[in-house]
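Listing of upload-v5.cif; format and content: mmCIF, N, CA and C atoms.
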```
data_my_file
#
loop_
_atom_site.label_atom_id
_atom_site.label_comp_id
_atom_site.auth_asym_id
_atom_site.auth_seq_id
_atom_site.Cartn_x
_atom_site.Cartn_y
_atom_site.Cartn_z
N MET A 1 12.59 -30.03 0.65
CA MET A 1 11.17 -29.75 0.82
C MET A 1 10.37 -30.73 -0.04
N PRO A 2 9.34 -31.34 0.49
CA PRO A 2 8.56 -32.27 -0.33
C PRO A 2 7.86 -31.52 -1.46
N SER A 3 7.71 -32.22 -2.58
CA SER A 3 7.13 -31.53 -3.74
C SER A 3 5.61 -31.49 -3.69
N ASN A 4 4.99 -32.25 -2.77
CA ASN A 4 3.53 -32.26 -2.71
C ASN A 4 2.99 -31.35 -1.60
N VAL A 5 3.70 -30.25 -1.36
CA VAL A 5 3.28 -29.31 -0.32
C VAL A 5 1.97 -28.66 -0.74
N GLN A 6 1.08 -28.49 0.21
CA GLN A 6 -0.18 -27.84 -0.10
C GLN A 6 0.07 -26.40 -0.51
N GLY A 7 -0.75 -25.91 -1.42
CA GLY A 7 -0.60 -24.55 -1.92
C GLY A 7 -0.63 -23.51 -0.83
N GLY A 8 -1.49 -23.68 0.15
CA GLY A 8 -1.63 -22.70 1.22
C GLY A 8 -0.36 -22.53 2.02
N LYS A 9 0.31 -23.66 2.31
CA LYS A 9 1.55 -23.59 3.09
C LYS A 9 2.64 -22.88 2.29
N THR A 10 2.75 -23.22 1.02
CA THR A 10 3.75 -22.59 0.17
C THR A 10 3.48 -21.10 0.08
N PHE A 11 2.21 -20.74 -0.10
CA PHE A 11 1.83 -19.34 -0.19
C PHE A 11 2.18 -18.61 1.10
N GLY A 12 1.90 -19.25 2.23
CA GLY A 12 2.21 -18.66 3.52
C GLY A 12 3.71 -18.42 3.68
N LEU A 13 4.52 -19.38 3.23
CA LEU A 13 5.97 -19.23 3.30
C LEU A 13 6.43 -18.07 2.42
N LEU A 14 5.88 -18.02 1.22
CA LEU A 14 6.24 -16.93 0.30
C LEU A 14 5.89 -15.58 0.91
N LYS A 15 4.71 -15.48 1.48
CA LYS A 15 4.27 -14.21 2.09
C LYS A 15 5.20 -13.84 3.24
N GLU A 16 5.61 -14.83 4.01
CA GLU A 16 6.50 -14.57 5.15
C GLU A 16 7.85 -14.07 4.65
N GLN A 17 8.38 -14.72 3.62
CA GLN A 17 9.67 -14.29 3.04
C GLN A 17 9.54 -12.86 2.51
N GLN A 18 8.42 -12.60 1.85
CA GLN A 18 8.19 -11.28 1.29
C GLN A 18 8.16 -10.23 2.40
N ARG A 19 7.44 -10.52 3.47
CA ARG A 19 7.35 -9.56 4.58
C ARG A 19 8.73 -9.32 5.20
N GLN A 20 9.56 -10.38 5.25
CA GLN A 20 10.92 -10.21 5.77
C GLN A 20 11.71 -9.23 4.91
N LYS A 21 11.59 -9.39 3.58
CA LYS A 21 12.31 -8.50 2.66
C LYS A 21 11.84 -7.06 2.85
N LEU A 22 10.52 -6.89 2.93
CA LEU A 22 9.97 -5.54 3.09
C LEU A 22 10.41 -4.95 4.43
N GLU A 23 10.48 -5.79 5.44
CA GLU A 23 10.90 -5.35 6.78
C GLU A 23 12.35 -4.85 6.73
N GLU A 24 13.20 -5.55 5.97
CA GLU A 24 14.60 -5.13 5.85
C GLU A 24 14.69 -3.77 5.18
N ILE A 25 13.88 -3.55 4.15
CA ILE A 25 13.86 -2.26 3.47
C ILE A 25 13.36 -1.17 4.43
N ASN A 26 12.34 -1.51 5.24
CA ASN A 26 11.83 -0.55 6.22
C ASN A 26 12.95 -0.12 7.18
N LYS A 27 13.80 -1.09 7.59
CA LYS A 27 14.89 -0.77 8.51
C LYS A 27 15.83 0.26 7.88
N GLU A 28 16.07 0.10 6.56
CA GLU A 28 16.93 1.06 5.85
C GLU A 28 16.35 2.47 5.99
N TYR A 29 15.04 2.58 5.84
CA TYR A 29 14.40 3.90 5.93
C TYR A 29 14.46 4.43 7.36
N LEU A 30 14.30 3.54 8.33
CA LEU A 30 14.35 3.97 9.74
C LEU A 30 15.74 4.51 10.09
N GLU A 31 16.79 3.96 9.44
CA GLU A 31 18.16 4.39 9.73
C GLU A 31 18.61 5.54 8.84
N ASP A 32 17.81 5.88 7.82
CA ASP A 32 18.18 6.91 6.86
C ASP A 32 18.01 8.30 7.48
N GLN A 33 19.08 9.08 7.47
CA GLN A 33 19.06 10.42 8.06
C GLN A 33 18.00 11.31 7.40
N LYS A 34 17.79 11.09 6.12
CA LYS A 34 16.87 11.93 5.35
C LYS A 34 15.45 11.88 5.92
N TYR A 35 15.10 10.75 6.53
CA TYR A 35 13.72 10.57 7.00
C TYR A 35 13.58 10.66 8.51
N ARG A 36 14.65 11.06 9.20
CA ARG A 36 14.59 11.02 10.67
C ARG A 36 13.60 12.00 11.26
N ASP A 37 13.23 13.06 10.52
CA ASP A 37 12.27 14.03 11.04
C ASP A 37 10.82 13.63 10.78
N GLU A 38 10.64 12.55 10.05
CA GLU A 38 9.29 12.09 9.71
C GLU A 38 8.56 11.62 10.97
N ASP A 39 7.36 12.13 11.20
CA ASP A 39 6.59 11.72 12.37
C ASP A 39 6.10 10.28 12.22
N ASP A 40 6.13 9.53 13.30
CA ASP A 40 5.60 8.16 13.32
C ASP A 40 6.12 7.30 12.17
N LEU A 41 7.40 7.44 11.85
CA LEU A 41 7.97 6.74 10.70
C LEU A 41 7.77 5.23 10.80
N ALA A 42 8.04 4.64 11.96
CA ALA A 42 7.92 3.18 12.10
C ALA A 42 6.49 2.73 11.83
N GLU A 43 5.51 3.47 12.36
CA GLU A 43 4.10 3.10 12.13
C GLU A 43 3.74 3.24 10.66
N LYS A 44 4.20 4.34 10.05
CA LYS A 44 3.90 4.55 8.63
C LYS A 44 4.48 3.41 7.79
N LEU A 45 5.75 3.07 8.07
CA LEU A 45 6.40 2.01 7.30
C LEU A 45 5.67 0.68 7.46
N GLU A 46 5.21 0.41 8.66
CA GLU A 46 4.45 -0.83 8.91
C GLU A 46 3.18 -0.84 8.06
N GLY A 47 2.51 0.29 8.02
CA GLY A 47 1.30 0.41 7.20
C GLY A 47 1.60 0.25 5.71
N PHE A 48 2.71 0.87 5.26
CA PHE A 48 3.09 0.75 3.85
C PHE A 48 3.38 -0.70 3.52
N LYS A 49 4.08 -1.38 4.43
CA LYS A 49 4.45 -2.79 4.20
C LYS A 49 3.20 -3.64 4.02
N ASN A 50 2.22 -3.45 4.90
CA ASN A 50 1.00 -4.25 4.82
C ASN A 50 0.22 -3.94 3.56
N LYS A 51 0.12 -2.67 3.22
CA LYS A 51 -0.61 -2.27 2.01
C LYS A 51 0.07 -2.85 0.78
N TYR A 52 1.41 -2.75 0.75
CA TYR A 52 2.17 -3.22 -0.39
C TYR A 52 2.04 -4.74 -0.55
N ALA A 53 2.19 -5.45 0.56
CA ALA A 53 2.14 -6.91 0.52
C ALA A 53 0.77 -7.40 0.03
N GLU A 54 -0.25 -6.64 0.35
CA GLU A 54 -1.61 -7.01 -0.04
C GLU A 54 -1.76 -7.04 -1.56
N PHE A 55 -1.02 -6.17 -2.25
CA PHE A 55 -1.22 -6.06 -3.70
C PHE A 55 -0.04 -6.56 -4.52
N ASP A 56 0.99 -7.10 -3.87
CA ASP A 56 2.09 -7.72 -4.59
C ASP A 56 1.64 -9.13 -4.92
N LEU A 57 0.95 -9.26 -6.05
CA LEU A 57 0.27 -10.52 -6.36
C LEU A 57 1.23 -11.64 -6.71
N ASN A 58 2.35 -11.32 -7.36
CA ASN A 58 3.25 -12.39 -7.77
C ASN A 58 4.34 -12.66 -6.74
N ASP A 59 4.30 -11.95 -5.61
CA ASP A 59 5.27 -12.14 -4.53
C ASP A 59 6.72 -12.00 -4.99
N GLN A 60 6.92 -11.18 -6.01
CA GLN A 60 8.28 -10.95 -6.49
C GLN A 60 8.86 -9.68 -5.89
N GLY A 61 8.12 -9.07 -4.98
CA GLY A 61 8.60 -7.82 -4.41
C GLY A 61 8.29 -6.64 -5.30
N GLU A 62 7.35 -6.82 -6.20
CA GLU A 62 6.97 -5.74 -7.11
C GLU A 62 5.47 -5.78 -7.33
N ILE A 63 4.88 -4.59 -7.50
CA ILE A 63 3.47 -4.54 -7.88
C ILE A 63 3.45 -4.32 -9.39
N ASP A 64 2.88 -5.27 -10.10
CA ASP A 64 2.82 -5.13 -11.55
C ASP A 64 1.52 -4.46 -11.96
N LEU A 65 1.32 -4.35 -13.26
CA LEU A 65 0.15 -3.66 -13.79
C LEU A 65 -1.15 -4.26 -13.26
N MET A 66 -1.22 -5.59 -13.22
CA MET A 66 -2.46 -6.23 -12.75
C MET A 66 -2.65 -6.02 -11.24
N GLY A 67 -1.56 -6.02 -10.49
CA GLY A 67 -1.65 -5.76 -9.06
C GLY A 67 -2.15 -4.35 -8.79
N LEU A 68 -1.62 -3.40 -9.58
CA LEU A 68 -2.05 -2.01 -9.43
C LEU A 68 -3.50 -1.85 -9.85
N LYS A 69 -3.87 -2.56 -10.91
CA LYS A 69 -5.26 -2.51 -11.39
C LYS A 69 -6.20 -3.01 -10.29
N ARG A 70 -5.82 -4.14 -9.68
CA ARG A 70 -6.65 -4.69 -8.62
C ARG A 70 -6.70 -3.75 -7.42
N MET A 71 -5.56 -3.14 -7.10
CA MET A 71 -5.51 -2.20 -5.99
C MET A 71 -6.49 -1.05 -6.23
N MET A 72 -6.44 -0.46 -7.41
CA MET A 72 -7.31 0.68 -7.71
C MET A 72 -8.79 0.27 -7.68
N GLU A 73 -9.09 -0.93 -8.20
CA GLU A 73 -10.48 -1.40 -8.18
C GLU A 73 -10.95 -1.60 -6.75
N LYS A 74 -10.09 -2.19 -5.93
CA LYS A 74 -10.46 -2.46 -4.54
C LYS A 74 -10.68 -1.16 -3.78
N LEU A 75 -9.92 -0.12 -4.16
CA LEU A 75 -10.04 1.17 -3.51
C LEU A 75 -11.21 1.98 -4.10
N GLY A 76 -11.87 1.39 -5.09
CA GLY A 76 -13.03 2.06 -5.67
C GLY A 76 -12.68 3.13 -6.68
N VAL A 77 -11.47 3.08 -7.23
CA VAL A 77 -11.06 4.04 -8.24
C VAL A 77 -10.48 3.31 -9.44
N PRO A 78 -11.31 2.57 -10.18
CA PRO A 78 -10.77 1.81 -11.30
C PRO A 78 -10.10 2.73 -12.33
N LYS A 79 -9.02 2.24 -12.92
CA LYS A 79 -8.26 3.02 -13.90
C LYS A 79 -8.09 2.23 -15.18
N THR A 80 -7.91 2.93 -16.29
CA THR A 80 -7.61 2.26 -17.56
C THR A 80 -6.15 1.82 -17.54
N HIS A 81 -5.78 0.94 -18.49
CA HIS A 81 -4.39 0.49 -18.55
C HIS A 81 -3.44 1.66 -18.78
N LEU A 82 -3.87 2.61 -19.61
CA LEU A 82 -3.03 3.77 -19.89
C LEU A 82 -2.81 4.59 -18.61
N GLU A 83 -3.86 4.79 -17.84
CA GLU A 83 -3.75 5.53 -16.58
C GLU A 83 -2.84 4.79 -15.61
N LEU A 84 -2.98 3.45 -15.57
CA LEU A 84 -2.15 2.64 -14.67
C LEU A 84 -0.67 2.78 -15.05
N LYS A 85 -0.40 2.73 -16.37
CA LYS A 85 0.99 2.86 -16.82
C LYS A 85 1.56 4.22 -16.44
N LYS A 86 0.72 5.26 -16.58
CA LYS A 86 1.17 6.61 -16.18
C LYS A 86 1.47 6.66 -14.69
N MET A 87 0.62 5.99 -13.90
CA MET A 87 0.82 5.96 -12.45
C MET A 87 2.14 5.29 -12.11
N ILE A 88 2.44 4.19 -12.80
CA ILE A 88 3.69 3.47 -12.54
C ILE A 88 4.89 4.35 -12.87
N VAL A 89 4.81 5.04 -14.02
CA VAL A 89 5.91 5.94 -14.42
C VAL A 89 6.06 7.06 -13.40
N GLU A 90 4.93 7.57 -12.91
CA GLU A 90 4.95 8.65 -11.93
C GLU A 90 5.65 8.21 -10.63
N VAL A 91 5.43 6.97 -10.25
CA VAL A 91 6.03 6.47 -9.00
C VAL A 91 7.49 6.10 -9.20
N THR A 92 7.81 5.46 -10.32
CA THR A 92 9.16 4.93 -10.52
C THR A 92 10.10 5.93 -11.18
N GLY A 93 9.56 7.00 -11.73
CA GLY A 93 10.43 7.94 -12.43
C GLY A 93 10.71 7.48 -13.85
N GLY A 94 9.95 6.51 -14.32
CA GLY A 94 10.05 6.12 -15.73
C GLY A 94 11.11 5.09 -16.04
N GLY A 95 11.32 4.15 -15.15
CA GLY A 95 12.26 3.06 -15.44
C GLY A 95 11.72 2.18 -16.56
N SER A 96 12.46 1.16 -16.92
CA SER A 96 12.06 0.32 -18.04
C SER A 96 10.99 -0.70 -17.64
N SER A 97 10.91 -1.00 -16.34
CA SER A 97 9.95 -2.04 -15.94
C SER A 97 8.57 -1.44 -15.74
N ASN A 98 7.57 -2.27 -15.89
CA ASN A 98 6.19 -1.83 -15.65
C ASN A 98 5.74 -2.28 -14.27
N THR A 99 6.64 -2.17 -13.31
CA THR A 99 6.30 -2.59 -11.95
C THR A 99 6.75 -1.52 -10.97
N ILE A 100 6.13 -1.54 -9.79
CA ILE A 100 6.51 -0.63 -8.71
C ILE A 100 7.18 -1.47 -7.63
N ASN A 101 8.46 -1.21 -7.36
CA ASN A 101 9.09 -1.97 -6.28
C ASN A 101 8.83 -1.25 -4.96
N TYR A 102 9.13 -1.92 -3.89
CA TYR A 102 8.77 -1.39 -2.57
C TYR A 102 9.51 -0.09 -2.24
N ARG A 103 10.78 0.00 -2.65
CA ARG A 103 11.53 1.24 -2.38
C ARG A 103 10.87 2.43 -3.05
N ASP A 104 10.48 2.24 -4.32
CA ASP A 104 9.79 3.32 -5.05
C ASP A 104 8.48 3.68 -4.34
N PHE A 105 7.79 2.66 -3.87
CA PHE A 105 6.51 2.84 -3.20
C PHE A 105 6.69 3.69 -1.93
N VAL A 106 7.68 3.32 -1.12
CA VAL A 106 7.92 4.06 0.13
C VAL A 106 8.38 5.48 -0.16
N LYS A 107 9.28 5.63 -1.15
CA LYS A 107 9.75 6.97 -1.51
C LYS A 107 8.58 7.85 -1.90
N MET A 108 7.67 7.28 -2.67
CA MET A 108 6.49 8.03 -3.11
C MET A 108 5.63 8.42 -1.89
N MET A 109 5.40 7.47 -0.99
CA MET A 109 4.51 7.73 0.14
C MET A 109 5.13 8.74 1.12
N LEU A 110 6.45 8.74 1.25
CA LEU A 110 7.11 9.67 2.17
C LEU A 110 7.51 10.98 1.49
N GLY A 111 7.53 10.96 0.16
CA GLY A 111 8.01 12.12 -0.58
C GLY A 111 7.03 13.28 -0.58
N LYS A 112 7.49 14.40 -1.08
CA LYS A 112 6.67 15.61 -1.11
C LYS A 112 5.76 15.64 -2.34
N ARG A 113 6.19 14.98 -3.42
CA ARG A 113 5.37 15.00 -4.64
C ARG A 113 4.08 14.24 -4.40
N SER A 114 3.02 14.72 -5.00
CA SER A 114 1.75 14.00 -4.81
C SER A 114 1.41 13.20 -6.06
N ALA A 115 1.86 11.97 -6.08
CA ALA A 115 1.53 11.06 -7.16
C ALA A 115 0.07 10.63 -7.00
N VAL A 116 -0.55 10.26 -8.11
CA VAL A 116 -1.96 9.85 -8.08
C VAL A 116 -2.16 8.71 -7.09
N LEU A 117 -1.27 7.72 -7.14
CA LEU A 117 -1.39 6.55 -6.26
C LEU A 117 -1.35 6.98 -4.79
N LYS A 118 -0.45 7.89 -4.47
CA LYS A 118 -0.33 8.37 -3.09
C LYS A 118 -1.63 9.04 -2.66
N LEU A 119 -2.17 9.89 -3.52
CA LEU A 119 -3.40 10.60 -3.19
C LEU A 119 -4.54 9.62 -2.93
N VAL A 120 -4.63 8.59 -3.77
CA VAL A 120 -5.69 7.59 -3.61
C VAL A 120 -5.53 6.86 -2.28
N LEU A 121 -4.29 6.44 -1.96
CA LEU A 121 -4.05 5.69 -0.73
C LEU A 121 -4.28 6.54 0.51
N VAL A 122 -3.83 7.78 0.46
CA VAL A 122 -4.02 8.67 1.61
C VAL A 122 -5.51 8.94 1.82
N PHE A 123 -6.20 9.16 0.71
CA PHE A 123 -7.65 9.40 0.79
C PHE A 123 -8.35 8.17 1.38
N GLU A 124 -7.94 6.99 0.92
CA GLU A 124 -8.56 5.75 1.39
C GLU A 124 -8.32 5.56 2.88
N ASP A 125 -7.10 5.86 3.34
CA ASP A 125 -6.80 5.74 4.77
C ASP A 125 -7.66 6.68 5.59
N LYS A 126 -7.82 7.90 5.09
CA LYS A 126 -8.64 8.88 5.81
C LYS A 126 -10.09 8.41 5.84
N ALA A 127 -10.55 7.89 4.71
CA ALA A 127 -11.94 7.42 4.63
C ALA A 127 -12.17 6.26 5.59
N ASN A 128 -11.20 5.36 5.68
CA ASN A 128 -11.35 4.21 6.57
C ASN A 128 -11.15 4.59 8.03
N GLY A 129 -10.35 5.62 8.26
CA GLY A 129 -10.04 6.00 9.63
C GLY A 129 -11.14 6.81 10.28
N SER A 130 -11.90 7.54 9.48
CA SER A 130 -12.93 8.39 10.07
C SER A 130 -14.17 7.56 10.37
N PRO A 131 -14.84 7.90 11.44
CA PRO A 131 -16.05 7.12 11.75
C PRO A 131 -17.10 7.38 10.68
N GLY A 132 -17.60 6.33 10.10
CA GLY A 132 -18.61 6.46 9.05
C GLY A 132 -19.98 6.55 9.66
N LYS A 133 -20.96 6.14 8.90
CA LYS A 133 -22.31 6.13 9.44
C LYS A 133 -22.39 5.06 10.51
N PRO A 134 -23.09 5.35 11.59
CA PRO A 134 -23.21 4.32 12.62
C PRO A 134 -24.01 3.13 12.09
N ALA A 135 -23.63 1.95 12.53
CA ALA A 135 -24.34 0.76 12.09
C ALA A 135 -25.63 0.61 12.89
N GLY A 136 -26.55 -0.09 12.29
CA GLY A 136 -27.80 -0.37 13.01
C GLY A 136 -28.86 0.70 12.75
N PRO A 137 -29.99 0.52 13.39
CA PRO A 137 -31.10 1.47 13.17
C PRO A 137 -30.77 2.83 13.78
N PRO A 138 -31.37 3.89 13.26
CA PRO A 138 -31.11 5.21 13.83
C PRO A 138 -31.62 5.26 15.26
N PRO A 139 -31.01 6.09 16.10
CA PRO A 139 -31.43 6.16 17.49
C PRO A 139 -32.84 6.75 17.59
N LYS A 140 -33.55 6.32 18.60
CA LYS A 140 -34.91 6.85 18.83
C LYS A 140 -34.77 8.31 19.27
N ARG A 141 -35.69 9.14 18.78
CA ARG A 141 -35.66 10.55 19.17
C ARG A 141 -37.01 10.93 19.74
N ASP A 142 -36.97 11.84 20.64
CA ASP A 142 -38.25 12.31 21.17
C ASP A 142 -38.54 13.70 20.59
N ILE A 143 -39.71 14.18 20.78
CA ILE A 143 -40.15 15.45 20.20
C ILE A 143 -39.23 16.61 20.64
N ALA A 144 -38.76 16.58 21.87
CA ALA A 144 -37.95 17.68 22.41
C ALA A 144 -36.62 17.82 21.68
N SER A 145 -36.09 16.72 21.10
CA SER A 145 -34.77 16.79 20.45
C SER A 145 -34.88 17.30 19.02
N LEU A 146 -36.07 17.42 18.49
CA LEU A 146 -36.21 17.89 17.11
C LEU A 146 -35.93 19.39 17.02
N PRO A 147 -35.42 19.85 15.89
CA PRO A 147 -35.09 21.28 15.77
C PRO A 147 -36.34 22.14 15.69
#
```

Could you write out this file's structure as structure tokens?
Amino acid sequence: MPSNVQGGKTFGLLKEQQRQKLEEINKEYLEDQKYRDEDDLAEKLEGFKNKYAEFDLNDQGEIDLMGLKRMMEKLGVPKTHLELKKMIVEVTGGGSSNTINYRDFVKMMLGKRSAVLKLVLVFEDKANGSPGKPAGPPPKRDIASLP
């Protein structure tokens, strides 16, 4: 590979490799007997993959403290570093790393426990999925339609 590759191309390749890895993990979940009763599992996993890839800033297959911080800010729920660390422990079960890997992320999203991160993401999906205020000026009303 030439060493003067443009940053964008390299980034695109990294993202593609990352998505491949996440896709392989998704296949494991699709074949896992434990999750076979889950409704719309393939769609959910696809959504998890996209959400995860968006915030895996270092493309190492892990969301670190800064990635989680950015995720929470983007979702409109900024957290302190201490809260972020607690969230990571809640998702990972308290491993030694300060990162959330994709398997932990999917387990949390499919699991019964309600971790803070899961609640925020589910809430955000519901907020984005529901029709918000209509865009544009309010519709014209006539006297007869008033209460």

- prompt: Quick one: residues within 6 Å of segment 55-70 of chain A, only N, CA and C atoms counted, chain neighbours fewer than 4 positions away excluded, as an MDAnalysis selection string?
  reply: chainID A and resid 51 74:75 98:102

- request: Tell me which of A:Asp104, A:Glu24, A:Asp125, A:Glu83 sits closest to Lys44 of chain A, counting only C-alpha atoms.
  value: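 Distance minimum relative to Lys44 of chain A lands on A:Asp125.
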
message: If I take atom N of Thr92 of chain A and atom N of Met108 of chain A, how far is one from the other in Å, to one decimal?
response: 7.9 Å

query: Restricting the calculation to only N, CA and C atoms, which member of A:Ile88, A:Ala144, A:Val106, A:Leu117 is positioned closest to Phe48 of chain A?
result: A:Val106

task: Mind giving me the straight-line distance from atom CA of Val89 of chain A to atom CA of Ala42 of chain A in Å, one decimal?
output: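 Between these atoms lies a distance of 26.7 Å.
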
message: Report, in Å with one decimal, the straight-line distance from atom C of Ser97 of chain A to atom N of Leu82 of chain A.
response: 13.6 Å

- request: Write down as a PyMOL selection string the residues of segment 38-136 of chain A whose backbone DSSP state falls under strand (DSSP E).
  value: chain A and resi 62-63+100-101

query: If we count only C-alpha atoms, what is near Gln18 of chain A at a cut-off of 9 Å, once residues fewer than 2 positions away on the same chain are taken out, given as a list in words?
result: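 Final neighbour list, sorted by chain and number: Leu13, Leu14, Lys15, Glu16, Gln20, Lys21, Leu22, Glu23, Ala53, Asp59, Gln60 and Gly61 of chain A.
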
- prompt: Where does DSSP see alpha helix (DSSP H) in segment 20-128 of chain A, if you list the residues as a PyMOL selection string?
  reply: chain A and resi 20-31+41-55+65-74+81-92+102-110+116-128

query: Which residue, A:Thr80, A:Tyr35, A:Ile143, A:Ile25, has the smallest gap to Phe105 of chain A when you use only C-alpha atoms?
result: A:Ile25
